[in-house]
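**Q** Before we start, here is the structure in question, set down as structure tokens.
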Amino acid sequence: MRRLAATGLLVPAVLAEGAAAALTLVPEATGGVLLVSGVALVLLGVVAIARRRLAPVRVAAAVAAVGAVALAVLLRLPAREPDVPLAEDVAATLRVDAVRVSSTNDHAGALTARLVVSATLLEVRAAGSTVRASAPILLFADRLPRGGRVPGAVLTGTLKLRGAARGDDVALTAGARGPLRLTSPAPPVQRVAAALRTGLAARAVALPGDGGALLPGLAIGDTDRVPESLDLAMKGSSLSHLTAVSGANCAVVTGAVLALAGLLRLPRPARIVVALAALAAFVLLVTPQPSVQRAAVMAAVGLVCLAAGRTAGGVPVLALAVLGLLLSDPWLARQPGFVLSALATGGLLLLTRPIAARLERLLPPPLALAAAVPVAAQVACQPVLVLLQPAVPLFGVVANLLAEPAAAGATVLGLLACVLLPLVPLLGSALAVLAWFPAAWIAAVARTAGDLPSVGWLAGPAGAALAAVATAAVLVALTRRAPPVVRAVAAALAVVVGISTAGAAVGAGTGRLVGMPSDWEIAACDVGQGDGLVLNGGGGAYAVVDTGRKAQALARCLGRLGVRHVDVLVLTHYDADHVGAARSLTGRVGTVLVGPSDGPAAEELRGALAAGGARVQQVHRGERLRVGRIVLDVLWPTDPLGPLGTGNPASITLLATGRLRSLLTGDLGEDAQNALLVAGPLPHVDVVKVAHHGSADQSPAFYAAAGAGVGLISCGLHNDYGHPTARLLRILRSNGVQPFRTDQDGLLLVTAEAGTARVWSERPVTAAVWAPG
């Protein structure tokens, strides 16, 4: 710690992180911060000269770091937030940075692939003018031209741009409004790297089970083929860091290259150059994700120090890397991958040995050191982790102890297979098979540990603050230089905070499960990334509006609600995330309401439900049906359908009137929402089921006309689409709508109390962190 303090880099790095996180959220404050920093530097310089003491210089370094970050935000802001037309079609040019594949479904309900493209917007052309930019955007497209998936490729096409929330890692989101054209291919080195990634992915697909799906993620960070259930298990067992390429991977690459160069008896300068070249090639191969950038900069600094014949302390190198990266891109400060990577590395460097020393009282030294590594990383990251998911895995340390030894083998063998597959296919294939065994073991550990319970934690900033207090108390308790009394008090504080917070969360959760209301009128089931609503008409009369994708999730929800027979099943449209589990209700449904067919799969589903005894009825605007005390009025689609077509724009939209008035919208998009407003006045409602899982394709006028106080958002945890989007949340906030989300809150039940909607949630997270407009 004394050596760390002597470097003077830790405090500037921490302050730079905080300043960047704040100023990217409120960029209007950058000018004031820059002015204050400049004045403070002048005053500190005068004090340092007058007193000839070092302390003011260290303070000046911290102030200079904050000022430098403010300047970086100020300089990058114009290009990052260009003045371009939003919510209308424009011609745009962009450079591809990374592409990942997300599963979605076509209009017939069949699974297909959707591309999520991280790109840099270079130019926008609209209304006869051209705006040049350098803005990070997130593009959703069904397909890309040949060669368009490779990082560095330049594409041109018609996009519909939408603004993202300030502080997001992207400035804009966009949807492709037609085919994109490749105007400039990616550089050759990028094409080689893409070919290597594709080769490993193709070989891994042929390997069975979870091991084949996980192998590319462990080797090169490619998680496109990891199924959602395994991804959630990795997160729930604290093993998701294994598929995030970071310092360990860079250390393996540079260490192996240095060892090989040593065997070849290359001089030190040549060894360093070769190692730096290998590091650069590795970054190209895995793509420069935030955690990769941090790890690569640290490795490069270490190699430069080695070339100079000096050793580099881990913490000063980490602080220098954080400072440098934040000055190049201050928005990294709000990216969880970068923050968690830096915190985990800091925890490993600062906390591993003190924790191991304490554990050696109970365990043999090697085992104590092995256990101290995941504990140190977990302790350092926990204040941020509870913001992302308010829970603490009980068995995360055990899962890491079981998985970490296999991770090294899977990473090294998988990386070698990736490089050798195009050169020596037989050898590369054999290495991939060998890498499958540790990958399959890690997946098995993740699934087993992910099913084990975790301790609930308070949600939102309060939970993060308590986790930070507990972390600080642990640090003080582990500091040998602190007086024994102080260490004892800190240890007691950490225990009290942990037990009381977890106990409060567990107690509240148990109380909520016991106190589930029985007189609910609307239920939003947690069916993952999809819709599954239930309406309670009283007297055992129920309507189900969409079913979600998975029969098991729907059955679990209906079982909890006591629903055995469904009087009315409404299938708003035929996407798989709305009708995938519909066949599981065959024989249990009286009437099925459907919209216009959009293909053979829709006709087949209708036939299957009819064969099970249901009366299948296609409905349109103006029709009415009763389910117990609830009246269902069909507001959309019209008959004839009109120019918007089938699929999402033709989603059946219902007004459900019982003790509450509710608007159920399926996946209706902005154009269809506006068309519904034109078709007739929209009645004021108490509850709105937010359309399309909270996508950005929403009409502010639609939600303003609805006037709801409660908004139900049905979406999957950590979904690939970024649902609910920042734009949708801004629309809700501006209209005074309190959102509730199935991904965070679990099962949602809406009751009527004195004519007002009240929401019971399985895990009350969203309301705890929502700031009303």
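Order determines the names: the first chain of the structure tokens is A, the second B, and so forth; residues in each chain are numbered 1 upward, and ligands are numbered 1 upward as they are shown.
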Check the DSSP output for the backbone and give back, as a ChimeraX atom specification, the residues of stretch 399-618 of chain A in strand (DSSP E or B).
**A** /A:454-456,522-524,533-538,541-545,566-571,589-594,615-618
**Q** Next, dump the selected residues to file, keeping only C-alpha atoms, as a JSON list (two decimals), in the first residue's frame.
**A**
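Resulting contents of result07.json:
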```
[["chain", "number", "residue", "atom", "x", "y", "z"],
["A", 454, "SER", "CA", -28.56, -16.67, -3.92],
["A", 455, "VAL", "CA", -28.98, -14.07, -1.20],
["A", 456, "GLY", "CA", -31.19, -11.13, -2.12],
["A", 522, "ILE", "CA", -54.02, -8.67, -14.57],
["A", 523, "ALA", "CA", -50.96, -10.91, -14.31],
["A", 524, "ALA", "CA", -47.77, -10.46, -16.34],
["A", 533, "LEU", "CA", -50.49, -12.06, -19.77],
["A", 534, "VAL", "CA", -53.44, -13.46, -17.82],
["A", 535, "LEU", "CA", -56.74, -11.65, -17.15],
["A", 536, "ASN", "CA", -58.83, -12.75, -14.15],
["A", 537, "GLY", "CA", -62.54, -12.27, -14.85],
["A", 538, "GLY", "CA", -63.57, -13.77, -11.51],
["A", 541, "ALA", "CA", -62.96, -17.23, -15.81],
["A", 542, "TYR", "CA", -59.57, -16.46, -17.32],
["A", 543, "ALA", "CA", -58.17, -15.05, -20.53],
["A", 544, "VAL", "CA", -54.55, -15.56, -21.61],
["A", 545, "VAL", "CA", -53.03, -12.97, -23.95],
["A", 566, "VAL", "CA", -58.50, -20.87, -20.33],
["A", 567, "ASP", "CA", -61.81, -19.40, -21.50],
["A", 568, "VAL", "CA", -60.20, -17.12, -24.09],
["A", 569, "LEU", "CA", -56.73, -17.29, -25.59],
["A", 570, "VAL", "CA", -55.64, -14.19, -27.53],
["A", 571, "LEU", "CA", -52.70, -14.58, -29.90],
["A", 589, "VAL", "CA", -58.94, -23.49, -24.34],
["A", 590, "GLY", "CA", -62.51, -22.49, -25.18],
["A", 591, "THR", "CA", -62.05, -19.67, -27.69],
["A", 592, "VAL", "CA", -58.97, -18.48, -29.54],
["A", 593, "LEU", "CA", -58.83, -14.92, -30.91],
["A", 594, "VAL", "CA", -56.32, -14.42, -33.71],
["A", 615, "ARG", "CA", -63.21, -22.19, -31.49],
["A", 616, "VAL", "CA", -60.74, -20.13, -33.52],
["A", 617, "GLN", "CA", -62.00, -16.66, -34.43],
["A", 618, "GLN", "CA", -60.20, -13.98, -36.43]]
```
**Q** Hey, what's within 7 Å of A:Met298 if we count only C-alpha atoms and toss same-chain stuff fewer than 2 positions away? As a list in words, please?
**A**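 Contacts, in chain order: Arg294, Ala295, Ala296, Ala300, Val301, Gly302, Val317, Leu318 and Ala321 of chain A.
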**Q** Save out the residues we just selected, N, CA and C atoms, as a compact mmCIF listing (two decimals), in the first residue's frame.
**A**
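Result saved to out35.txt:
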```txt
# COMPACT_ATOMS: atom_id res chain seq x y z
N ARG A 294 -8.59 -2.65 -21.57
CA ARG A 294 -7.91 -2.47 -20.29
C ARG A 294 -6.76 -3.46 -20.14
N ALA A 295 -7.02 -4.72 -20.43
CA ALA A 295 -5.99 -5.75 -20.28
C ALA A 295 -4.84 -5.53 -21.25
N ALA A 296 -5.14 -5.16 -22.48
CA ALA A 296 -4.09 -4.97 -23.49
C ALA A 296 -3.20 -3.79 -23.14
N ALA A 300 0.74 -4.02 -22.49
CA ALA A 300 1.68 -3.23 -23.28
C ALA A 300 2.59 -2.40 -22.38
N VAL A 301 2.02 -1.79 -21.33
CA VAL A 301 2.85 -1.01 -20.40
C VAL A 301 3.87 -1.92 -19.71
N GLY A 302 3.42 -3.11 -19.32
CA GLY A 302 4.35 -4.04 -18.68
C GLY A 302 5.49 -4.44 -19.61
N VAL A 317 0.26 0.24 -12.86
CA VAL A 317 -0.01 -0.03 -14.28
C VAL A 317 -1.52 -0.01 -14.54
N LEU A 318 -2.29 -0.60 -13.63
CA LEU A 318 -3.75 -0.57 -13.76
C LEU A 318 -4.26 0.86 -13.75
N ALA A 321 -3.42 2.58 -16.98
CA ALA A 321 -4.27 2.10 -18.07
C ALA A 321 -5.66 2.72 -17.99
```
**Q** Considering only C-alpha atoms, state which residue in the set A:Leu303, A:Val297, A:Leu239, A:Ala614 is at the smallest distance from A:Gln378.
**A**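 Smallest separation from A:Gln378 among the options: A:Leu239.
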**Q** Within 9 Å of stretch 128-143 of chain A, counting only C-alpha atoms, which residues show up once you throw out same-chain ones fewer than 3 positions away? Write them as an NGL selection string, please.
**A** :A and (76 or 78-84 or 94 or 113-125 or 159 or 161 or 164 or 169-180 or 721)
**Q** Go ahead and dump the residues you just picked, C-alpha atoms, as a PDB file, in the first residue's frame.
**A**
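Listed below is the output, out.pdb:
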```pdb
ATOM      1  CA  ARG A  76     -15.519  14.437 -28.105  1.00  0.00           C
ATOM      2  CA  PRO A  78     -19.772  17.328 -30.867  1.00  0.00           C
ATOM      3  CA  ALA A  79     -18.778  14.297 -32.921  1.00  0.00           C
ATOM      4  CA  ARG A  80     -20.473  11.878 -30.541  1.00  0.00           C
ATOM      5  CA  GLU A  81     -23.797  13.750 -30.517  1.00  0.00           C
ATOM      6  CA  PRO A  82     -24.174  14.995 -34.107  1.00  0.00           C
ATOM      7  CA  ASP A  83     -27.150  17.108 -35.126  1.00  0.00           C
ATOM      8  CA  VAL A  84     -28.890  14.517 -37.295  1.00  0.00           C
ATOM      9  CA  LEU A  94     -21.103   3.648 -40.936  1.00  0.00           C
ATOM     10  CA  ALA A 113     -31.138 -14.752 -36.716  1.00  0.00           C
ATOM     11  CA  ARG A 114     -31.066 -11.018 -36.184  1.00  0.00           C
ATOM     12  CA  LEU A 115     -27.859  -9.053 -36.298  1.00  0.00           C
ATOM     13  CA  VAL A 116     -26.911  -6.536 -33.642  1.00  0.00           C
ATOM     14  CA  VAL A 117     -24.163  -4.327 -35.072  1.00  0.00           C
ATOM     15  CA  SER A 118     -21.946  -2.076 -32.983  1.00  0.00           C
ATOM     16  CA  ALA A 119     -20.732   0.561 -35.405  1.00  0.00           C
ATOM     17  CA  THR A 120     -19.418   4.101 -35.774  1.00  0.00           C
ATOM     18  CA  LEU A 121     -21.644   6.517 -37.664  1.00  0.00           C
ATOM     19  CA  LEU A 122     -19.484   8.423 -40.149  1.00  0.00           C
ATOM     20  CA  GLU A 123     -21.909  10.427 -42.249  1.00  0.00           C
ATOM     21  CA  VAL A 124     -25.629  11.242 -42.506  1.00  0.00           C
ATOM     22  CA  ARG A 125     -27.262  12.690 -45.607  1.00  0.00           C
ATOM     23  CA  LEU A 159     -31.450   3.957 -41.521  1.00  0.00           C
ATOM     24  CA  LEU A 161     -31.993   6.827 -36.208  1.00  0.00           C
ATOM     25  CA  ALA A 164     -29.967   6.920 -26.837  1.00  0.00           C
ATOM     26  CA  ASP A 169     -22.159   3.435 -24.432  1.00  0.00           C
ATOM     27  CA  VAL A 170     -23.814   4.349 -27.754  1.00  0.00           C
ATOM     28  CA  ALA A 171     -25.068   7.746 -28.854  1.00  0.00           C
ATOM     29  CA  LEU A 172     -27.750   6.454 -31.239  1.00  0.00           C
ATOM     30  CA  THR A 173     -29.691   3.336 -32.094  1.00  0.00           C
ATOM     31  CA  ALA A 174     -30.753   2.554 -35.632  1.00  0.00           C
ATOM     32  CA  GLY A 175     -32.836   0.177 -37.665  1.00  0.00           C
ATOM     33  CA  ALA A 176     -32.000  -0.732 -41.243  1.00  0.00           C
ATOM     34  CA  ARG A 177     -34.849   0.345 -43.534  1.00  0.00           C
ATOM     35  CA  GLY A 178     -33.647  -1.665 -46.492  1.00  0.00           C
ATOM     36  CA  PRO A 179     -30.612  -3.558 -47.760  1.00  0.00           C
ATOM     37  CA  LEU A 180     -27.209  -2.200 -46.770  1.00  0.00           C
ATOM     38  CA  TYR A 721     -32.128  -6.209 -27.746  1.00  0.00           C
TER      39      TYR A 721
END
```
**Q** Mind checking which residues fall within 10 Å of A:Ala22, counting only C-alpha atoms, ignoring those fewer than 4 positions away in the same chain, and posting them as an MDAnalysis selection string?
**A** chainID A and resid 16:18 26:27 29:30 70 167 330:331 333:334
**Q** Now that the selection is made, can you save its residues with N, CA, C and O atoms as a compact mmCIF listing (two decimals), in the first residue's frame?
**A**
```txt
# COMPACT_ATOMS: atom_id res chain seq x y z
N ALA A 16 -10.86 10.14 -11.81
CA ALA A 16 -11.12 10.24 -13.24
C ALA A 16 -12.31 9.36 -13.62
O ALA A 16 -13.16 9.76 -14.43
N GLU A 17 -12.37 8.17 -13.05
CA GLU A 17 -13.51 7.28 -13.32
C GLU A 17 -14.82 7.93 -12.87
O GLU A 17 -15.81 7.95 -13.60
N GLY A 18 -14.83 8.47 -11.65
CA GLY A 18 -16.04 9.12 -11.16
C GLY A 18 -16.43 10.33 -11.97
O GLY A 18 -17.62 10.55 -12.29
N VAL A 26 -24.04 14.15 -17.54
CA VAL A 26 -24.44 15.56 -17.52
C VAL A 26 -23.33 16.38 -18.19
O VAL A 26 -22.56 17.08 -17.52
N PRO A 27 -23.22 16.31 -19.51
CA PRO A 27 -22.10 17.00 -20.18
C PRO A 27 -22.16 18.52 -20.06
O PRO A 27 -21.15 19.19 -20.27
N ALA A 29 -22.10 20.14 -17.51
CA ALA A 29 -21.25 20.56 -16.39
C ALA A 29 -19.77 20.55 -16.73
O ALA A 29 -18.94 20.96 -15.90
N THR A 30 -19.39 20.10 -17.93
CA THR A 30 -17.97 19.95 -18.24
C THR A 30 -17.23 21.29 -18.22
O THR A 30 -16.10 21.38 -17.74
N ALA A 70 -12.67 16.10 -18.09
CA ALA A 70 -13.66 17.09 -18.52
C ALA A 70 -13.33 17.62 -19.91
O ALA A 70 -14.23 17.79 -20.76
N GLY A 167 -25.02 9.09 -21.47
CA GLY A 167 -24.28 8.19 -20.61
C GLY A 167 -24.24 6.77 -21.14
O GLY A 167 -23.43 5.97 -20.67
N PRO A 330 -14.05 8.82 -22.59
CA PRO A 330 -14.62 8.94 -21.24
C PRO A 330 -15.88 8.11 -21.04
O PRO A 330 -16.23 7.77 -19.90
N TRP A 331 -16.58 7.75 -22.12
CA TRP A 331 -17.82 6.98 -21.98
C TRP A 331 -17.56 5.55 -21.53
O TRP A 331 -18.49 4.84 -21.15
N ALA A 333 -16.34 4.86 -18.84
CA ALA A 333 -16.59 4.87 -17.39
C ALA A 333 -17.97 4.36 -17.04
O ALA A 333 -18.22 3.98 -15.89
N ARG A 334 -18.90 4.35 -18.00
CA ARG A 334 -20.26 3.89 -17.72
C ARG A 334 -20.54 2.53 -18.33
O ARG A 334 -21.69 2.08 -18.33
```
**Q** Quote the spacing between atom CA of A:Gly463 and atom CA of A:Val379 in Å to one decimal place.
**A**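 These atoms are spaced 14.3 Å apart.
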**Q** Give me, please, the distance in Å between atom CA of A:Pro12 and atom CA of A:Leu349, quoted to one decimal.
**A** 17.7 Å
**Q** Please return as a ChimeraX atom specification: the residues of stretch 260-339 of chain A that backbone DSSP assigns to helix (DSSP H, G or I).
**A** /A:260-263,268-286,290-307,314-328,330-334,336-339
**Q** For A:Arg758, please output as a list in words all residues within 9 Å (counting only C-alpha atoms; exclusion window: fewer than 3 positions along the same chain).
**A** Val710, Leu749, Val750, Thr751, Ala752 and Glu753 of chain A
**Q** To one decimal place in Å, what is the distance between atom CA of A:Leu385 and atom CA of A:Ala61?
**A** 29.6 Å
**Q** So which residues touch A:Leu415 within 12 Å, counting only C-alpha atoms, skipping near sequence neighbours fewer than 6 positions away, as a PyMOL selection string?
**A** chain A and resi 196-197+199-201+215-222+245+249-250+252-253+282+285-286+407-409+421+428-429+431-432+434-435
**Q** For each of A:Ala472, A:Leu585, A:Leu717, A:Leu660, take the minimum atom-to-atom distance to A:Gly613, counting only C-alpha atoms, then give the residue where this is smallest.
**A** A:Leu585
